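Report on the structure given below.
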Amino acid sequence: MSLIEALPIALLGALLGLDVVSFPQAMISRPIVAATLAGAFIGHPPAGLLIGVVLEMIALDTLPFGASRYPEWGSAGVVGGALFGAQPHGMPGALPACLLAALLTASISGWSMVVLRRLIAMRLEQTRDRIEEGSRNALLSLHLSGMSMDLLRGGLVTITAMMIFAPLVRAIVAIWGSDSAPSRAVVVVIAAIVAGAALWKVFHSVRHVLWFFLAGLLVWVGLLVTR
Amino acid sequence: MTAPTSSGADLPVRVKFAMYFRLLAMQGSWNYETLNGTGIGFTMEPALRYLPGGIDGPAYRAALARESRYFNAHPYLAGIAVGALVRAELDGVEPARIERFRTALAGPLGSVGDRLVWASWLPFCSLVAIGVYGAGGSPMGVVGTFLLLYNAGHILLRAWGLRIGLSRGLHVASALGNPVLRQGPQYIGCAAALVAGVALPLALQRVAGPGLGLVGGIIGAALIGIVLLARLREHAEGWRIALGVLAIFVLYSVLT
């Protein structure tokens, strides 16, 4: 992938990276949305949606509580969707390799958010006196520069990840040694385990939660039987 | 210079809209020093121009400085604080009382919002979208369902918070007793568990593809993994384990 080809994807990553915290937190940065949009950019939205759903299940494990550190799924979803959408149909290694690239991107991008927050704190330190005097310009400048840096951060993470992972994923897919069925099975099991454990972590204190889950499973069994 | 206004509730509609729009960008300068304190100042700024003396007056500058200090709240519920603080500033409440109010409000707005939004509404909406995918939904259908459902709650919650804050001022604490905020996580949690029971197996079946289905081995491995990971919940992050296992599998598949 050339730099010019990666630029529109980087722009999408920048906008969705901004949505995670800065603006407007409408959750267009959730992987189920971000990966589908990136797949659509590449011309293959169903592929983007497929990897987006898997990433969404894994993302259920990380909720963005306050000052906690968490992976950033906006740029990661874009990278995963764009990479998977660009792979030829039916390649057994495509889904695991693209998923790995997306998870690595999420981890690195999460770290970049920590760096950004420290940078904003350093800039705040430089303008603290003026803000303490009630300077409107100092406050607006701090705020808008924070948002601009966040936009830049998302774009940089996305373009860097695309430049590294696009050739790497292509190479991995070309020499992939496992069959299609076990490759998919590993991804499905990983997604099921992380999502199931994440939901238990979040909802275990809710009264009668297991009964509601079992009722849902019964509905699924009913659907299987009637199909 | 803008004309002084006696109360936050009397602010022109365009100022309320400006504050609402800024609420969406409130976390633009989030940092480890003041958390979203500077964002609170940024969001309140259009309303503070209505203080006596306007934008060049000492009241405006003092209020802007005061409201830009440390604050922590869930971003969707921060509107409650913004509205209440705007009203307090415009009503001329003494600064010490405003400071005490800010300190008292920060904790509850964070914990209530985290429980309601991050730990209930967001996973619920994700599960609904995953279920739409499992039921055979198109990319547009899945993404549209998630964004419309999630943002119906998001937009309304922010608007309600700002409105209730502006109308009640420093008496806004009682709004945190609203049944939606208190009981919402319980009901949403039950609904999410029900949806999860249908949505996860359906979606996993579709991801697995027609040749694989959800065979016994996969279901068994998943159940064992869920139990193990759930027991480790305080000591392990599922996504990191997923990353490690996937890296080993990719390495194995490349080397064999």
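Residue names in the structure tokens use chain letters A, B, ... in the order shown, residue numbers from 1 in each chain, and ligand numbers from 1 in the order shown.
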According to DSSP computed on the backbone, where in stretch 18-236 of chain B is there helix (DSSP H, G or I)? Give the residues as an MDAnalysis selection string.
chainID B and resid 18:24 26:29 37:48 54:56 58:67 78:90 95:134 139:177 179:208 216:231
List the spatial neighbours of B:Leu246 as an mmCIF file with C-alpha atoms, in the first residue's frame - criterion: any atom at most 10 Å away, only C-alpha atoms, same-chain residues fewer than 5 positions off excluded.
```cif
data_model
loop_
_atom_site.group_PDB
_atom_site.id
_atom_site.type_symbol
_atom_site.label_atom_id
_atom_site.label_comp_id
_atom_site.auth_asym_id
_atom_site.auth_seq_id
_atom_site.Cartn_x
_atom_site.Cartn_y
_atom_site.Cartn_z
ATOM 1 C CA PRO A 96 -6.558 -14.013 12.132
ATOM 2 C CA ALA A 97 -3.740 -11.894 10.639
ATOM 3 C CA LEU A 99 -7.387 -9.264 13.704
ATOM 4 C CA LEU A 100 -3.898 -9.450 15.177
ATOM 5 C CA LEU A 103 -5.406 -5.585 18.246
ATOM 6 C CA VAL A 186 -9.661 -20.062 16.686
ATOM 7 C CA VAL A 187 -11.020 -16.575 15.984
ATOM 8 C CA ILE A 190 -11.287 -16.200 21.148
ATOM 9 C CA ARG B 240 -4.599 -8.840 26.093
ATOM 10 C CA ILE B 241 -5.028 -12.604 26.402
ATOM 11 C CA LEU B 251 3.212 -17.592 14.432
ATOM 12 C CA TYR B 252 2.356 -21.306 14.459
#
```
With only C-alpha atoms as the counted atoms, please give the residues lying no more than 12 Å from A:Leu60, apart from itself and same-chain residues fewer than 4 positions off, as a ChimeraX atom specification.
/A:30-32,53-56,64,70-71,73,191-203 /B:118-127,130,196,200,237-239
Write the residues of the preceding selection, restricted to N, CA and C atoms, as a short mmCIF file (atom, residue, chain, number, x, y, z; two decimals), in the first residue's frame.
```cif
data_model
loop_
_atom_site.label_atom_id
_atom_site.label_comp_id
_atom_site.auth_asym_id
_atom_site.auth_seq_id
_atom_site.Cartn_x
_atom_site.Cartn_y
_atom_site.Cartn_z
N ARG A 30 -16.65 2.93 17.64
CA ARG A 30 -16.74 1.52 18.03
C ARG A 30 -16.31 0.67 16.85
N PRO A 31 -15.62 -0.45 17.10
CA PRO A 31 -15.09 -1.23 15.97
C PRO A 31 -16.15 -1.72 15.00
N ILE A 32 -17.36 -1.98 15.50
CA ILE A 32 -18.40 -2.49 14.59
C ILE A 32 -18.75 -1.42 13.54
N VAL A 53 -17.39 -7.01 13.83
CA VAL A 53 -18.18 -7.74 14.84
C VAL A 53 -17.24 -8.49 15.79
N VAL A 54 -16.21 -9.13 15.23
CA VAL A 54 -15.26 -9.87 16.09
C VAL A 54 -14.55 -8.89 17.03
N LEU A 55 -14.11 -7.75 16.49
CA LEU A 55 -13.43 -6.74 17.33
C LEU A 55 -14.39 -6.17 18.38
N GLU A 56 -15.64 -5.99 18.00
CA GLU A 56 -16.63 -5.46 18.94
C GLU A 56 -16.80 -6.39 20.13
N PRO A 64 -14.48 2.41 28.71
CA PRO A 64 -13.65 3.60 28.91
C PRO A 64 -13.94 4.37 30.19
N TYR A 70 -7.02 2.27 28.40
CA TYR A 70 -7.73 1.26 27.61
C TYR A 70 -7.28 1.35 26.16
N PRO A 71 -7.43 0.25 25.40
CA PRO A 71 -7.06 0.30 23.99
C PRO A 71 -7.98 1.25 23.22
N TRP A 73 -10.13 1.86 20.10
CA TRP A 73 -10.72 0.99 19.09
C TRP A 73 -11.07 1.70 17.79
N ALA A 191 -13.12 -14.83 20.33
CA ALA A 191 -14.17 -13.79 20.46
C ALA A 191 -15.22 -14.21 21.48
N ALA A 192 -15.60 -15.49 21.44
CA ALA A 192 -16.64 -15.98 22.36
C ALA A 192 -16.16 -15.91 23.81
N ILE A 193 -14.91 -16.31 24.03
CA ILE A 193 -14.38 -16.30 25.41
C ILE A 193 -14.28 -14.88 25.95
N VAL A 194 -13.69 -13.98 25.17
CA VAL A 194 -13.50 -12.61 25.66
C VAL A 194 -14.86 -11.93 25.87
N ALA A 195 -15.78 -12.10 24.91
CA ALA A 195 -17.10 -11.46 25.06
C ALA A 195 -17.85 -12.04 26.25
N GLY A 196 -17.85 -13.36 26.37
CA GLY A 196 -18.58 -14.00 27.47
C GLY A 196 -18.04 -13.57 28.82
N ALA A 197 -16.71 -13.60 28.96
CA ALA A 197 -16.10 -13.20 30.25
C ALA A 197 -16.32 -11.72 30.52
N ALA A 198 -16.27 -10.90 29.46
CA ALA A 198 -16.48 -9.45 29.63
C ALA A 198 -17.89 -9.16 30.12
N LEU A 199 -18.86 -9.85 29.53
CA LEU A 199 -20.25 -9.61 29.93
C LEU A 199 -20.49 -10.06 31.38
N TRP A 200 -19.84 -11.16 31.76
CA TRP A 200 -19.96 -11.61 33.15
C TRP A 200 -19.35 -10.57 34.09
N LYS A 201 -18.19 -10.03 33.67
CA LYS A 201 -17.51 -9.01 34.49
C LYS A 201 -18.41 -7.79 34.69
N VAL A 202 -19.10 -7.39 33.62
CA VAL A 202 -19.91 -6.17 33.68
C VAL A 202 -21.24 -6.41 34.39
N PHE A 203 -21.87 -7.55 34.09
CA PHE A 203 -23.27 -7.72 34.54
C PHE A 203 -23.46 -8.73 35.68
N TRP B 118 -21.36 3.52 30.34
CA TRP B 118 -20.27 2.62 29.90
C TRP B 118 -20.54 1.17 30.26
N ALA B 119 -21.15 0.93 31.43
CA ALA B 119 -21.32 -0.46 31.87
C ALA B 119 -22.72 -1.00 31.61
N SER B 120 -23.59 -0.23 30.97
CA SER B 120 -24.94 -0.74 30.69
C SER B 120 -25.38 -0.43 29.26
N TRP B 121 -25.53 0.87 28.98
CA TRP B 121 -26.12 1.24 27.69
C TRP B 121 -25.22 0.86 26.51
N LEU B 122 -23.92 1.12 26.63
CA LEU B 122 -23.00 0.82 25.53
C LEU B 122 -22.93 -0.68 25.24
N PRO B 123 -22.69 -1.56 26.26
CA PRO B 123 -22.69 -2.98 25.94
C PRO B 123 -24.02 -3.48 25.41
N PHE B 124 -25.13 -2.93 25.94
CA PHE B 124 -26.45 -3.35 25.46
C PHE B 124 -26.59 -3.04 23.96
N CYS B 125 -26.23 -1.81 23.57
CA CYS B 125 -26.36 -1.41 22.16
C CYS B 125 -25.41 -2.23 21.28
N SER B 126 -24.21 -2.53 21.78
CA SER B 126 -23.27 -3.38 21.03
C SER B 126 -23.89 -4.74 20.80
N LEU B 127 -24.49 -5.30 21.84
CA LEU B 127 -25.08 -6.64 21.72
C LEU B 127 -26.25 -6.65 20.75
N ILE B 130 -24.71 -6.61 17.37
CA ILE B 130 -24.13 -7.94 17.09
C ILE B 130 -25.26 -8.92 16.75
N ALA B 196 -27.78 -10.99 24.84
CA ALA B 196 -26.51 -11.70 24.67
C ALA B 196 -26.74 -13.18 24.41
N LEU B 200 -24.99 -13.47 20.71
CA LEU B 200 -23.61 -13.98 20.59
C LEU B 200 -23.54 -15.28 19.80
N GLU B 237 -6.78 -9.11 31.64
CA GLU B 237 -7.59 -8.39 30.67
C GLU B 237 -7.80 -9.30 29.48
N GLY B 238 -9.07 -9.54 29.17
CA GLY B 238 -9.40 -10.49 28.10
C GLY B 238 -8.78 -10.12 26.76
N TRP B 239 -8.77 -8.84 26.43
CA TRP B 239 -8.28 -8.44 25.11
C TRP B 239 -6.77 -8.69 24.99
#
```
Find the spatial neighbours of B:Ile188, counting only C-alpha atoms, within a cut-off of 9 Å - ignore same-chain residues fewer than 3 positions away - and output them as a PyMOL selection string.
chain B and resi 116+120-121+124+183-185+191-193
Take the selection from the previous step and output its residues with C-alpha atoms, as a CSV table (one decimal), in the first residue's frame.
```
chain,number,residue,atom,x,y,z
B,116,LEU,CA,-25.5,3.8,33.3
B,120,SER,CA,-24.9,-0.7,30.7
B,121,TRP,CA,-26.1,1.2,27.7
B,124,PHE,CA,-26.4,-3.3,25.5
B,183,GLN,CA,-32.7,1.7,38.3
B,184,GLY,CA,-31.6,2.0,34.6
B,185,PRO,CA,-28.4,-0.2,35.0
B,191,ALA,CA,-32.1,-6.8,28.8
B,192,ALA,CA,-28.4,-7.1,27.8
B,193,ALA,CA,-28.2,-10.6,29.2
```
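Atom CA of B:Gly79 to atom CA of A:Leu119 spans 26.0 Å [interatomic distance, one decimal].
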Contacts of B:Met140 at 9 Å or less, counting only C-alpha atoms, minus same-chain residues fewer than 4 places along, as a list in words?
Thr36 and Pro45 of chain A; Gly144 and Thr145 of chain B
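Going from atom CA of B:Leu157 to atom CA of B:Tyr76 covers 6.5 Å.
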With a distance cut-off of 12 Å and only C-alpha atoms, select the neighbouring residues of B:Arg66, excluding the residue or stretch itself and same-chain residues fewer than 6 positions from it, and output the selection as JSON, numbers by chain.
{"A": [131, 132, 133, 134, 135], "B": [37, 38, 40, 41, 42, 44, 45, 48, 59, 60, 85, 86, 89, 94, 95, 96, 97, 98, 99, 100, 102]}
Give me, as JSON lines, the closest atom pair and its distance (Å, one decimal) for every residue of stretch 161-251 of chain B within a cut-off of 12 Å of stretch 168-173 of chain A, counting only C-alpha atoms, rows sorted by chain and rising number.
```
{"residue": "B:Ala247", "atom": "CA", "partner": "A:Ile172", "partner_atom": "CA", "distance": 11.8}
{"residue": "B:Phe249", "atom": "CA", "partner": "A:Ile172", "partner_atom": "CA", "distance": 11.8}
{"residue": "B:Val250", "atom": "CA", "partner": "A:Ile172", "partner_atom": "CA", "distance": 8.1}
{"residue": "B:Leu251", "atom": "CA", "partner": "A:Ile172", "partner_atom": "CA", "distance": 9.1}
```
For N, CA and C atoms, I'd like the residues from the last selection saved as a compact mmCIF listing (two decimals), in the first residue's frame.
```txt
# COMPACT_ATOMS: atom_id res chain seq x y z
N ALA B 247 -1.45 -14.08 18.56
CA ALA B 247 -0.06 -13.94 18.08
C ALA B 247 0.61 -15.32 18.00
N PHE B 249 -0.93 -18.21 17.64
CA PHE B 249 -1.57 -18.98 16.55
C PHE B 249 -1.05 -18.52 15.18
N VAL B 250 -0.91 -17.22 14.99
CA VAL B 250 -0.41 -16.71 13.71
C VAL B 250 1.03 -17.18 13.49
N LEU B 251 1.82 -17.13 14.53
CA LEU B 251 3.21 -17.59 14.43
C LEU B 251 3.26 -19.08 14.06
```
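Atom to atom, atom CA of B:Val143 and atom CA of A:Leu18 stand 18.5 Å apart.
Using only C-alpha atoms, the nearest neighbour of chain B within the list A:Gly155, A:Gly90, A:Pro182, A:Gly177 is A:Gly177.
Within the 10 Å cut-off around A:His208, using only C-alpha atoms and omitting residues fewer than 3 positions from it on the same chain, the listed residues are His204, Ser205, Trp211, Phe212 and Phe213 of chain A; Gln186, Gly189, Cys190 and Ala193 of chain B.
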Preceding selection exported with N, CA and C atoms as an mmCIF file, in the first residue's frame:
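That gives us selection13.cif:
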```cif
data_model
loop_
_atom_site.group_PDB
_atom_site.id
_atom_site.type_symbol
_atom_site.label_atom_id
_atom_site.label_comp_id
_atom_site.auth_asym_id
_atom_site.auth_seq_id
_atom_site.Cartn_x
_atom_site.Cartn_y
_atom_site.Cartn_z
ATOM 1 N N HIS A 204 -22.362 -9.287 36.253
ATOM 2 C CA HIS A 204 -22.558 -10.361 37.223
ATOM 3 C C HIS A 204 -23.330 -9.916 38.463
ATOM 4 N N SER A 205 -23.290 -8.603 38.750
ATOM 5 C CA SER A 205 -23.991 -8.139 39.958
ATOM 6 C C SER A 205 -25.474 -7.847 39.700
ATOM 7 N N TRP A 211 -30.408 -16.055 34.550
ATOM 8 C CA TRP A 211 -31.698 -16.536 34.036
ATOM 9 C C TRP A 211 -32.056 -15.827 32.735
ATOM 10 N N PHE A 212 -31.771 -14.539 32.697
ATOM 11 C CA PHE A 212 -32.055 -13.796 31.455
ATOM 12 C C PHE A 212 -31.166 -14.313 30.320
ATOM 13 N N PHE A 213 -29.901 -14.597 30.642
ATOM 14 C CA PHE A 213 -28.983 -15.111 29.612
ATOM 15 C C PHE A 213 -29.466 -16.475 29.118
ATOM 16 N N GLN B 186 -29.854 -1.714 36.241
ATOM 17 C CA GLN B 186 -30.425 -3.030 36.556
ATOM 18 C C GLN B 186 -31.265 -3.552 35.382
ATOM 19 N N GLY B 189 -29.181 -4.109 32.246
ATOM 20 C CA GLY B 189 -28.361 -5.308 32.432
ATOM 21 C C GLY B 189 -29.149 -6.572 32.140
ATOM 22 N N CYS B 190 -30.383 -6.646 32.620
ATOM 23 C CA CYS B 190 -31.237 -7.812 32.343
ATOM 24 C C CYS B 190 -31.504 -7.938 30.848
ATOM 25 N N ALA B 193 -28.395 -9.149 29.056
ATOM 26 C CA ALA B 193 -28.151 -10.587 29.228
ATOM 27 C C ALA B 193 -29.058 -11.404 28.308
#
```
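Each of B:Tyr133, B:Tyr187, B:Trp30, B:Phe17 was checked against A:Arg118 using only C-alpha atoms; the smallest atom-to-atom distance is that of B:Trp30.
Shortest separation to A:Gln87 among A:Leu3, A:Ile28, A:Leu50, A:Ala166 occurs at residue A:Ala166, atoms counted being only C-alpha atoms.
Taking only C-alpha atoms into account, chain B lies nearest to A:Ser22 out of the set A:Ser2, A:Ser22, A:Ser141, A:Thr226.
Minimum atom-to-atom distances from B:Pro139, B:Gly57, B:Pro210, B:Gly220 to chain A were compared using only C-alpha atoms, and the lowest value belongs to B:Pro139.
Of the listed residues B:Gly137, B:Gly197, B:Gly177, B:Pro58, the one whose atoms come nearest to chain A is B:Gly197, with distances taken using only C-alpha atoms.
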